[in-house]
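Here is data.cif, consisting of mmCIF, C-alpha atoms:
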data_input
#
loop_
_atom_site.label_atom_id
_atom_site.label_comp_id
_atom_site.auth_asym_id
_atom_site.auth_seq_id
_atom_site.Cartn_x
_atom_site.Cartn_y
_atom_site.Cartn_z
CA MET A 1 96.91 95.52 81.98
CA LYS A 2 94.99 95.03 78.76
CA THR A 3 91.30 94.79 79.61
CA GLU A 4 88.18 94.52 77.52
CA LYS A 5 84.50 94.39 78.32
CA VAL A 6 82.90 91.10 77.27
CA HIS A 7 79.37 89.73 77.17
CA PHE A 8 77.96 86.21 77.19
CA GLU A 9 74.64 84.51 77.94
CA ASN A 10 73.88 82.32 80.93
CA PRO A 11 71.65 79.19 80.71
CA ARG A 12 68.54 81.36 81.28
CA GLY A 13 69.41 83.59 78.33
CA ASP A 14 70.41 86.61 80.45
CA LEU A 15 73.28 88.66 79.07
CA LEU A 16 76.13 88.76 81.58
CA THR A 17 78.88 91.37 81.51
CA GLY A 18 82.50 90.81 82.45
CA ARG A 19 85.99 92.21 82.20
CA LEU A 20 88.72 90.12 80.61
CA ALA A 21 92.23 91.15 81.68
CA LEU A 22 95.22 90.00 79.64
CA PRO A 23 98.94 90.20 80.48
CA PRO A 24 100.66 93.29 79.07
CA ASP A 25 103.82 91.50 77.91
CA GLN A 26 102.84 88.01 76.76
CA HIS A 27 100.05 85.75 75.58
CA PRO A 28 98.21 84.21 78.56
CA HIS A 29 99.59 80.79 79.45
CA ASN A 30 96.33 79.95 81.25
CA PHE A 31 92.89 81.44 81.76
CA ALA A 32 91.15 81.86 85.10
CA ILE A 33 87.62 82.80 86.17
CA PHE A 34 87.01 84.91 89.27
CA ALA A 35 83.63 84.61 91.04
CA HIS A 36 82.76 87.48 93.37
CA CYS A 37 81.05 87.40 96.76
CA PHE A 38 77.31 87.50 97.55
CA THR A 39 75.73 90.74 96.18
CA CYS A 40 79.17 92.10 95.23
CA THR A 41 80.27 92.92 91.67
CA LYS A 42 83.26 92.35 89.42
CA ASN A 43 84.43 95.89 90.18
CA LEU A 44 84.96 95.38 93.91
CA PHE A 45 88.41 96.78 94.74
CA ALA A 46 89.74 93.45 96.03
CA VAL A 47 88.47 91.63 92.94
CA ARG A 48 90.34 94.02 90.64
CA GLN A 49 93.52 93.88 92.71
CA LEU A 50 93.60 90.11 92.94
CA SER A 51 92.82 89.71 89.24
CA ASP A 52 95.63 92.14 88.37
CA ALA A 53 98.06 90.09 90.46
CA LEU A 54 97.13 86.94 88.53
CA THR A 55 97.43 88.77 85.23
CA ARG A 56 100.93 89.97 86.08
CA GLU A 57 101.85 86.30 86.49
CA GLY A 58 100.69 85.52 82.94
CA PHE A 59 97.04 84.52 83.48
CA GLY A 60 94.15 85.81 81.43
CA VAL A 61 91.44 86.56 84.03
CA LEU A 62 87.70 86.84 83.44
CA ARG A 63 85.77 88.52 86.25
CA PHE A 64 82.07 89.02 85.67
CA ASP A 65 78.86 90.12 87.39
CA PHE A 66 76.48 87.35 88.41
CA THR A 67 72.93 87.57 87.08
CA GLY A 68 71.10 90.71 88.21
CA LEU A 69 74.18 92.35 89.71
CA GLY A 70 76.46 95.11 88.43
CA GLU A 71 76.18 95.41 84.65
CA SER A 72 74.68 91.97 84.08
CA ALA A 73 71.07 91.56 82.99
CA GLY A 74 68.45 89.47 84.77
CA ASP A 75 66.37 89.73 87.92
CA PHE A 76 68.43 89.14 91.07
CA SER A 77 65.32 88.06 93.00
CA GLN A 78 64.91 85.16 90.57
CA THR A 79 68.49 83.97 91.06
CA ASN A 80 69.92 81.44 93.49
CA PHE A 81 73.12 79.58 94.29
CA SER A 82 72.51 77.06 91.50
CA GLY A 83 72.15 80.00 89.11
CA ASN A 84 75.55 81.31 90.21
CA VAL A 85 77.07 77.94 89.37
CA GLY A 86 75.38 78.09 85.96
CA ASP A 87 76.81 81.57 85.39
CA ILE A 88 80.33 80.25 86.05
CA GLN A 89 79.76 77.40 83.61
CA ALA A 90 78.59 79.94 81.00
CA ALA A 91 81.73 82.02 81.60
CA ALA A 92 83.86 78.92 81.06
CA ALA A 93 82.03 78.11 77.82
CA PHE A 94 82.63 81.68 76.62
CA LEU A 95 86.36 81.45 77.30
CA GLU A 96 86.63 78.06 75.63
CA LYS A 97 84.86 79.30 72.50
CA ARG A 98 86.64 82.62 72.17
CA TYR A 99 90.04 82.03 73.78
CA GLN A 100 90.94 78.93 75.79
CA ALA A 101 89.09 76.82 78.36
CA PRO A 102 89.88 77.91 81.93
CA SER A 103 92.29 75.85 84.01
CA LEU A 104 91.84 77.82 87.25
CA LEU A 105 88.74 78.90 89.17
CA VAL A 106 88.95 81.46 91.97
CA GLY A 107 86.02 82.38 94.18
CA HIS A 108 85.48 84.81 97.04
CA SER A 109 83.01 84.06 99.86
CA LEU A 110 79.83 82.58 98.33
CA GLY A 111 81.65 82.78 94.98
CA GLY A 112 84.17 80.37 96.51
CA ALA A 113 81.41 77.90 97.27
CA ALA A 114 80.12 78.34 93.71
CA VAL A 115 83.47 77.59 92.05
CA LEU A 116 83.76 74.41 94.14
CA MET A 117 80.37 73.34 92.81
CA ALA A 118 81.13 74.33 89.21
CA ALA A 119 84.58 72.71 88.95
CA SER A 120 83.30 69.14 88.68
CA SER A 121 81.42 70.00 85.48
CA LEU A 122 84.40 71.69 83.81
CA PRO A 123 86.99 69.15 82.57
CA SER A 124 89.57 71.83 81.75
CA VAL A 125 89.81 73.04 85.36
CA ARG A 126 92.91 71.72 87.11
CA ALA A 127 92.91 73.92 90.22
CA VAL A 128 90.42 75.75 92.46
CA ALA A 129 91.17 78.51 94.99
CA THR A 130 88.70 79.89 97.53
CA LEU A 131 88.94 83.03 99.68
CA GLY A 132 86.82 83.37 102.80
CA ALA A 133 84.41 80.71 101.52
CA PRO A 134 81.64 79.27 103.72
CA SER A 135 81.59 75.51 104.24
CA GLU A 136 77.83 75.58 103.61
CA PRO A 137 76.21 77.94 101.06
CA GLN A 138 73.32 78.55 103.47
CA HIS A 139 75.80 80.38 105.71
CA VAL A 140 74.80 83.58 103.89
CA THR A 141 71.38 83.44 105.54
CA HIS A 142 72.94 85.17 108.56
CA LEU A 143 72.83 88.31 106.41
CA LEU A 144 69.07 87.86 106.14
CA ARG A 145 68.33 87.15 109.83
CA SER A 146 65.91 90.04 110.31
CA SER A 147 63.92 89.02 107.23
CA LEU A 148 63.99 85.20 107.37
CA GLU A 149 60.53 84.83 108.85
CA GLU A 150 59.02 87.26 106.35
CA ILE A 151 60.69 85.40 103.46
CA LYS A 152 59.35 82.07 104.71
CA SER A 153 55.84 83.33 105.38
CA GLU A 154 55.41 85.80 102.52
CA GLY A 155 57.60 84.05 99.95
CA LYS A 156 59.94 87.02 99.63
CA ALA A 157 61.23 90.11 101.40
CA LYS A 158 63.19 93.27 100.72
CA VAL A 159 66.51 93.20 102.57
CA GLN A 160 69.39 95.61 103.03
CA ILE A 161 72.88 94.21 102.38
CA GLY A 162 75.89 96.51 102.32
CA GLY A 163 73.64 99.55 102.14
CA ARG A 164 71.80 98.29 99.06
CA GLY A 165 68.30 96.86 98.75
CA PHE A 166 67.69 93.36 97.37
CA THR A 167 64.60 91.23 97.04
CA ILE A 168 65.19 87.68 98.30
CA GLU A 169 62.67 84.94 97.52
CA LYS A 170 62.05 81.72 99.43
CA GLN A 171 63.36 79.64 96.55
CA PHE A 172 66.76 81.25 97.16
CA LEU A 173 66.82 79.85 100.72
CA ASP A 174 65.57 76.44 99.59
CA ASP A 175 68.28 76.23 96.95
CA LEU A 176 71.04 77.11 99.46
CA GLN A 177 69.94 74.26 101.74
CA ALA A 178 70.11 71.77 98.88
CA HIS A 179 73.91 71.99 98.57
CA VAL A 180 76.30 70.19 100.91
CA LEU A 181 79.74 71.68 100.28
CA PRO A 182 81.97 69.33 102.33
CA GLU A 183 80.77 66.42 100.21
CA VAL A 184 81.51 68.44 97.07
CA ALA A 185 85.02 69.22 98.35
CA LYS A 186 85.57 65.53 99.11
CA ASN A 187 84.84 64.56 95.51
CA LEU A 188 86.39 67.62 93.87
CA GLY A 189 89.17 65.75 92.06
CA ARG A 190 91.15 68.97 91.55
CA ALA A 191 93.94 70.67 93.44
CA LEU A 192 92.41 72.91 96.10
CA LEU A 193 93.81 76.01 97.81
CA ILE A 194 91.87 77.51 100.73
CA LEU A 195 92.74 81.07 101.77
CA HIS A 196 91.04 82.44 104.87
CA SER A 197 91.65 85.11 107.49
CA PRO A 198 91.58 84.11 111.17
CA GLN A 199 90.07 87.56 111.80
CA ASP A 200 87.21 87.11 109.31
CA GLN A 201 84.10 88.38 111.14
CA VAL A 202 81.68 87.45 108.36
CA VAL A 203 82.68 83.87 107.54
CA GLY A 204 84.57 82.39 110.48
CA ILE A 205 87.84 80.47 110.10
CA LYS A 206 86.00 77.29 111.17
CA ASN A 207 84.53 77.18 107.67
CA ALA A 208 88.01 76.84 106.15
CA GLU A 209 88.76 74.00 108.57
CA GLU A 210 85.62 72.11 107.56
CA ILE A 211 86.35 72.44 103.84
CA TYR A 212 90.00 71.46 104.33
CA TYR A 213 89.29 68.32 106.32
CA SER A 214 86.59 67.24 103.86
CA ALA A 215 88.79 67.64 100.78
CA ARG A 216 91.29 65.09 99.53
CA HIS A 217 94.87 65.89 98.58
CA PRO A 218 96.32 67.81 96.86
CA LYS A 219 94.98 70.52 99.17
CA SER A 220 96.61 73.53 100.78
CA PHE A 221 95.69 76.22 103.29
CA VAL A 222 97.07 79.76 103.52
CA SER A 223 96.22 82.11 106.36
CA LEU A 224 95.38 85.67 105.31
CA ASP A 225 96.35 86.93 108.75
CA GLY A 226 95.04 90.40 109.50
CA ALA A 227 92.75 90.64 106.48
CA ASP A 228 89.04 91.38 106.70
CA HIS A 229 86.41 89.40 104.82
CA LEU A 230 86.33 91.73 101.80
CA LEU A 231 90.14 91.98 101.59
CA SER A 232 89.68 95.74 101.77
CA SER A 233 93.42 96.34 101.94
CA GLY A 234 94.92 96.27 98.47
CA SER A 235 98.05 94.60 99.83
CA ASP A 236 95.99 91.64 101.09
CA ALA A 237 94.34 91.11 97.70
CA LEU A 238 97.64 91.43 95.82
CA TYR A 239 99.30 88.97 98.20
CA ALA A 240 96.47 86.49 97.72
CA GLY A 241 96.73 86.80 93.94
CA LYS A 242 100.48 86.15 93.95
CA VAL A 243 100.06 83.15 96.25
CA ILE A 244 97.34 81.66 94.04
CA ALA A 245 99.42 82.12 90.89
CA ASN A 246 102.52 80.47 92.36
CA TRP A 247 100.52 77.65 93.90
CA ALA A 248 98.64 77.02 90.64
CA SER A 249 101.93 76.72 88.73
CA ARG A 250 102.24 73.17 90.13
CA TYR A 251 98.89 72.08 88.75
CA VAL A 252 98.01 73.98 85.57
CA PRO A 253 99.97 73.79 82.29
CA TRP A 254 102.92 76.11 82.80
CA PRO A 255 105.27 77.42 80.09
CA LYS A 256 108.79 76.11 80.22
CA PRO A 257 111.62 78.68 80.39
CA ALA A 258 113.19 79.64 77.09
CA LYS A 259 115.87 77.17 76.02
CA ILE A 260 117.62 79.13 73.27
CA LYS A 261 121.39 78.95 73.53
CA SER A 262 124.30 80.61 71.79
CA GLU A 263 128.03 81.08 72.09
CA HIS A 264 127.44 84.73 71.20
CA GLN A 265 126.51 87.44 73.68
CA VAL A 266 123.00 87.73 72.25
CA VAL A 267 120.68 85.38 70.36
CA ALA A 268 117.18 86.12 69.01
CA ARG A 269 114.63 83.48 67.99
CA LEU A 270 111.31 84.10 66.24
CA GLU A 271 108.80 81.33 65.51
CA LYS A 272 106.60 81.60 62.41
CA GLU A 273 103.37 81.73 64.40
CA ASP A 274 104.58 84.40 66.84
CA GLY A 275 104.20 87.40 64.54
CA TYR A 276 107.06 89.68 65.60
CA THR A 277 107.27 88.61 69.25
CA THR A 278 110.91 87.57 69.49
CA GLU A 279 112.67 85.67 72.27
CA LEU A 280 116.05 87.05 73.27
CA LYS A 281 118.82 85.58 75.38
CA VAL A 282 121.15 88.39 76.39
CA GLY A 283 124.01 86.99 78.44
CA ARG A 284 122.20 85.07 81.19
CA HIS A 285 118.98 87.06 80.81
CA TYR A 286 115.85 86.16 78.84
CA LEU A 287 114.02 89.13 77.30
CA THR A 288 111.44 89.89 74.61
CA ALA A 289 111.45 92.17 71.57
CA ASP A 290 108.37 93.03 69.52
CA GLU A 291 106.76 95.57 67.24
CA PRO A 292 103.81 97.88 67.96
CA VAL A 293 100.31 96.57 67.39
CA ASP A 294 99.76 98.97 64.47
CA PHE A 295 102.63 97.26 62.65
CA GLY A 296 101.29 93.76 63.25
CA GLY A 297 103.11 93.05 66.52
CA ASN A 298 101.77 92.31 70.00
CA ASP A 299 103.72 95.09 71.74
CA PHE A 300 104.96 92.54 74.30
CA GLY A 301 108.40 94.15 74.39
CA PRO A 302 110.51 97.02 73.06
CA SER A 303 111.10 97.31 69.32
CA PRO A 304 114.65 96.71 67.99
CA TYR A 305 115.43 100.43 67.82
CA GLU A 306 114.04 100.91 71.33
CA TRP A 307 116.48 98.25 72.52
CA VAL A 308 119.30 100.19 70.87
CA SER A 309 118.09 103.40 72.52
CA ALA A 310 117.92 101.55 75.84
CA GLY A 311 121.54 100.49 75.44
CA LEU A 312 122.59 104.08 74.84
CA SER A 313 120.62 105.37 77.86
CA ALA A 314 121.97 102.65 80.15
CA CYS A 315 125.56 103.11 79.04
CA THR A 316 125.30 106.88 79.42
CA SER A 317 124.01 106.62 82.99
CA MET A 318 126.65 104.05 83.98
CA THR A 319 129.49 106.04 82.45
CA LEU A 320 128.52 109.29 84.18
CA GLN A 321 128.13 107.65 87.58
CA MET A 322 131.46 105.86 87.16
CA TYR A 323 133.20 109.14 86.31
CA ALA A 324 131.52 111.07 89.13
CA ARG A 325 132.44 108.42 91.72
CA ARG A 326 136.05 108.45 90.60
CA LYS A 327 136.12 112.24 90.93
CA GLY A 328 134.23 112.23 94.22
CA TRP A 329 131.52 114.49 92.81
CA PRO A 330 128.04 114.58 94.45
CA LEU A 331 126.07 113.03 91.57
CA GLU A 332 123.15 111.43 93.40
CA ALA A 333 121.35 110.19 90.31
CA VAL A 334 121.47 110.51 86.54
CA GLU A 335 118.69 110.05 84.00
CA ALA A 336 119.39 109.57 80.30
CA HIS A 337 116.26 110.05 78.16
CA THR A 338 116.71 108.74 74.62
CA SER A 339 114.46 108.40 71.59
CA TYR A 340 115.07 107.50 67.97
CA SER A 341 114.00 109.81 65.18
CA LYS A 342 112.84 107.20 62.67
CA GLU A 343 110.26 104.41 62.99
CA HIS A 344 111.74 100.94 62.68
CA ALA A 345 108.66 99.72 60.80
CA VAL A 346 109.36 102.07 57.89
CA ASP A 347 113.06 101.26 57.83
CA GLY A 348 112.41 97.51 58.02
CA ALA A 349 109.95 97.57 55.14
CA ASP A 350 112.54 99.40 53.04
CA CYS A 351 115.52 97.21 53.89
CA ASP A 352 115.41 95.12 50.66
CA THR A 353 115.51 98.12 48.32
CA ASN A 354 117.59 100.62 50.25
CA SER A 355 120.90 99.07 51.22
CA LYS A 356 122.09 102.36 52.74
CA SER A 357 119.21 102.50 55.24
CA LYS A 358 120.73 103.35 58.60
CA ILE A 359 120.07 104.84 62.00
CA ASP A 360 119.68 108.58 61.58
CA THR A 361 119.48 110.43 64.89
CA PHE A 362 119.24 109.63 68.58
CA HIS A 363 117.77 112.40 70.69
CA ARG A 364 119.27 112.24 74.18
CA GLU A 365 118.48 114.45 77.16
CA ILE A 366 120.38 114.08 80.43
CA ARG A 367 119.21 115.01 83.91
CA LEU A 368 121.90 115.32 86.60
CA ILE A 369 120.60 115.15 90.16
CA GLY A 370 122.74 116.40 93.04
CA PRO A 371 124.55 119.59 94.23
CA LEU A 372 126.86 119.87 91.23
CA ASP A 373 128.40 123.14 90.13
CA GLU A 374 128.26 124.36 86.53
CA ARG A 375 131.80 123.20 85.78
CA GLN A 376 131.01 119.67 86.91
CA LYS A 377 127.79 119.57 84.91
CA SER A 378 129.58 120.77 81.78
CA ARG A 379 132.28 118.14 82.16
CA LEU A 380 129.75 115.34 82.70
CA LEU A 381 127.97 116.40 79.51
CA GLU A 382 131.26 116.00 77.65
CA ILE A 383 131.82 112.58 79.22
CA ALA A 384 128.36 111.49 78.06
CA ASP A 385 129.57 111.73 74.46
CA ARG A 386 132.40 109.36 75.33
CA CYS A 387 130.32 106.50 76.71
CA PRO A 388 131.21 103.22 74.90
CA VAL A 389 127.83 102.70 73.24
CA HIS A 390 127.76 106.32 72.05
CA ARG A 391 131.20 105.90 70.51
CA THR A 392 130.16 102.63 68.86
CA LEU A 393 127.05 104.21 67.32
CA ASP A 394 129.07 107.21 66.21
CA SER A 395 131.80 105.14 64.54
CA PRO A 396 131.87 103.21 61.26
CA THR A 397 130.56 99.74 62.08
CA GLU A 398 130.98 96.49 60.20
CA ILE A 399 128.59 93.58 60.62
CA LYS A 400 129.88 90.21 59.41
CA THR A 401 127.18 87.65 58.75
CA LYS A 402 127.35 83.96 57.95
CA LEU A 403 124.85 81.12 57.79
CA ILE A 404 124.89 78.50 60.53
CA SER A 405 124.63 74.99 59.13
CA GLU A 406 121.92 72.72 60.53
#
Any chance you could give the structure as structure tokens?
Amino acid sequence: MKTEKVHFENPRGDLLTGRLALPPDQHPHNFAIFAHCFTCTKNLFAVRQLSDALTREGFGVLRFDFTGLGESAGDFSQTNFSGNVGDIQAAAAFLEKRYQAPSLLVGHSLGGAAVLMAASSLPSVRAVATLGAPSEPQHVTHLLRSSLEEIKSEGKAKVQIGGRGFTIEKQFLDDLQAHVLPEVAKNLGRALLILHSPQDQVVGIKNAEEIYYSARHPKSFVSLDGADHLLSSGSDALYAGKVIANWASRYVPWPKPAKIKSEHQVVARLEKEDGYTTELKVGRHYLTADEPVDFGGNDFGPSPYEWVSAGLSACTSMTLQMYARRKGWPLEAVEAHTSYSKEHAVDGADCDTNSKSKIDTFHREIRLIGPLDERQKSRLLEIADRCPVHRTLDSPTEIKTKLISE
């Protein structure tokens, strides 16, 4: 994944820190914000795993630390649930200004309650997903049981949560009680997905039921059977991320599949605004070609010469396996490692002035895996030079070009 550290201010002027993850092979089709659980941070293992799963599905994902937590500035003791909602709104404003307004909000535990509250103030949001969210924000007071009386009588208290010390003030409790989440869910006006584990020992499954029955359609529920509250197992977080991405595809703007057609085996299409990111239709398959970032590309796919090298490697492996099977030889696997000796960027820049510019040298190394004797290995090396793509590259080639009329 491509990730970068970002900073933005919340309504109180505190500088919040986040991580923006972008897909490795395309521009994001949508942006999402992930809100972490009470006293957690953006770097919680489950947060990273779930965000990565969304990014692999083409989302740009901003996960950030709430005020006073992780790398974000501010005094945690001065924060409250309303402040968390304000932090999410500030994150959305940052995305809208720098990239694109978010269409998806995802929240874990108290972060789930916060995204439900924030969604109504963000017109760009089309879908909201919660994981292990309480039906009432004040549910988190169970973590403060031993200190509730001290907070109420003294105005604040030092509490231990997850092995870390936090100062909680009475205003935090008062603010939690001021929010009625079922009523918020009822008037959400966005598609809602509720994910919850029946085995959640921190926020019981009853909370998911209350949110679900309060909300209007479209609404969905997915059981995270066997998961704990923090989604400590990486497989649980990845599963949740994939489910959210596929569910959201019905509600957020989703790119349509490439429509390029051709009677030829391969067609390439490049729009003016896409730099060098080129759509390919190869047979029935849709692929992408690009150039490296240092040549002005996005590096969303192999370069043209890398595609040629890939063809040589693939053909070599197929040819050797085909030959070995016919002979009954014990070739368990074959690897063909290929690289090209000249950068395409240099050759491409020179194509107008040097009509004899051509592919110079392919460096190919072959690994044969299996109990082959030396005679068999030697023969397979000879056969590698006879693979169809090798013979094509090694032979005089003529390319006939004509213009297609509009």
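Minimum atom-to-atom distance to Gly58 of chain A, evaluated using all atoms listed in the file, belongs to A:Gln26 out of A:Gln26, A:Thr167, A:Ser77, A:Thr277.
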Please report, as a Markdown table, each residue of segment 108-151 of chain A lying at most 10 Å from segment 237-249 of chain A, together with the nearest pair of atoms and the separation in Å rounded to one decimal; use all atoms listed in the file, and order rows by chain and ascending residue number.
| residue | atom | partner | partner_atom | distance |
| --- | --- | --- | --- | --- |
| A:Arg126 | CA | A:Ala248 | CA | 8.6 |
| A:Ala127 | CA | A:Ala248 | CA | 6.5 |
| A:Val128 | CA | A:Ala248 | CA | 8.5 |
| A:Ala129 | CA | A:Ile244 | CA | 7.0 |
| A:Thr130 | CA | A:Ile244 | CA | 9.5 |
| A:Leu131 | CA | A:Ala240 | CA | 8.5 |
Query raised in the report: Using only C-alpha atoms, which of A:Val140, A:Ala35, A:Leu188, A:Leu62 sits nearest Ala119 of chain A?
Result: A:Leu188
Requested in this report: I would like the residues chosen by the PyMOL selection byres ((chain A and resi 304) around 9) on the shown file; could you give them as a VMD selection string?
Outcome: chain A and resid 289 to 291 302 to 303 305 to 309 344
Requested in this report: Kindly resolve the PyMOL selection byres ((chain A and resi 13) around 12) on the present coordinates and return the residues as a PyMOL selection string.
Outcome: chain A and resi 7-12+14-16+67+72-75+83+86-87+90
Query raised in the report: So what do you get for atom CA of Lys186 of chain A versus atom CA of Leu116 of chain A, distance-wise?
Result: 10.3 Å
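Separating atom CA of Phe362 of chain A from atom CA of Lys402 of chain A is a distance of 28.9 Å.
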Report task. Mind checking which residues fall within 9 Å of segment 368-374 of chain A, counting all atoms listed in the file, ignoring those fewer than 4 positions away in the same chain, and posting them as JSON, numbers by chain? Result -> {"A": [329, 330, 331, 332, 333, 334, 335, 336, 378, 379, 380]}
Output C-alpha atoms of each residue in that selection to a file, as a PDB file, in the frame of the given file.
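The result, written out as part-v4.pdb:
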ATOM      1  CA  TRP A 329     131.520 114.490  92.810  1.00  0.00           C
ATOM      2  CA  PRO A 330     128.040 114.580  94.450  1.00  0.00           C
ATOM      3  CA  LEU A 331     126.070 113.030  91.570  1.00  0.00           C
ATOM      4  CA  GLU A 332     123.150 111.430  93.400  1.00  0.00           C
ATOM      5  CA  ALA A 333     121.350 110.190  90.310  1.00  0.00           C
ATOM      6  CA  VAL A 334     121.470 110.510  86.540  1.00  0.00           C
ATOM      7  CA  GLU A 335     118.690 110.050  84.000  1.00  0.00           C
ATOM      8  CA  ALA A 336     119.390 109.570  80.300  1.00  0.00           C
ATOM      9  CA  SER A 378     129.580 120.770  81.780  1.00  0.00           C
ATOM     10  CA  ARG A 379     132.280 118.140  82.160  1.00  0.00           C
ATOM     11  CA  LEU A 380     129.750 115.340  82.700  1.00  0.00           C
TER      12      LEU A 380
END
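You will find atom CA of Phe76 of chain A at 14.3 Å from atom CA of Thr17 of chain A.
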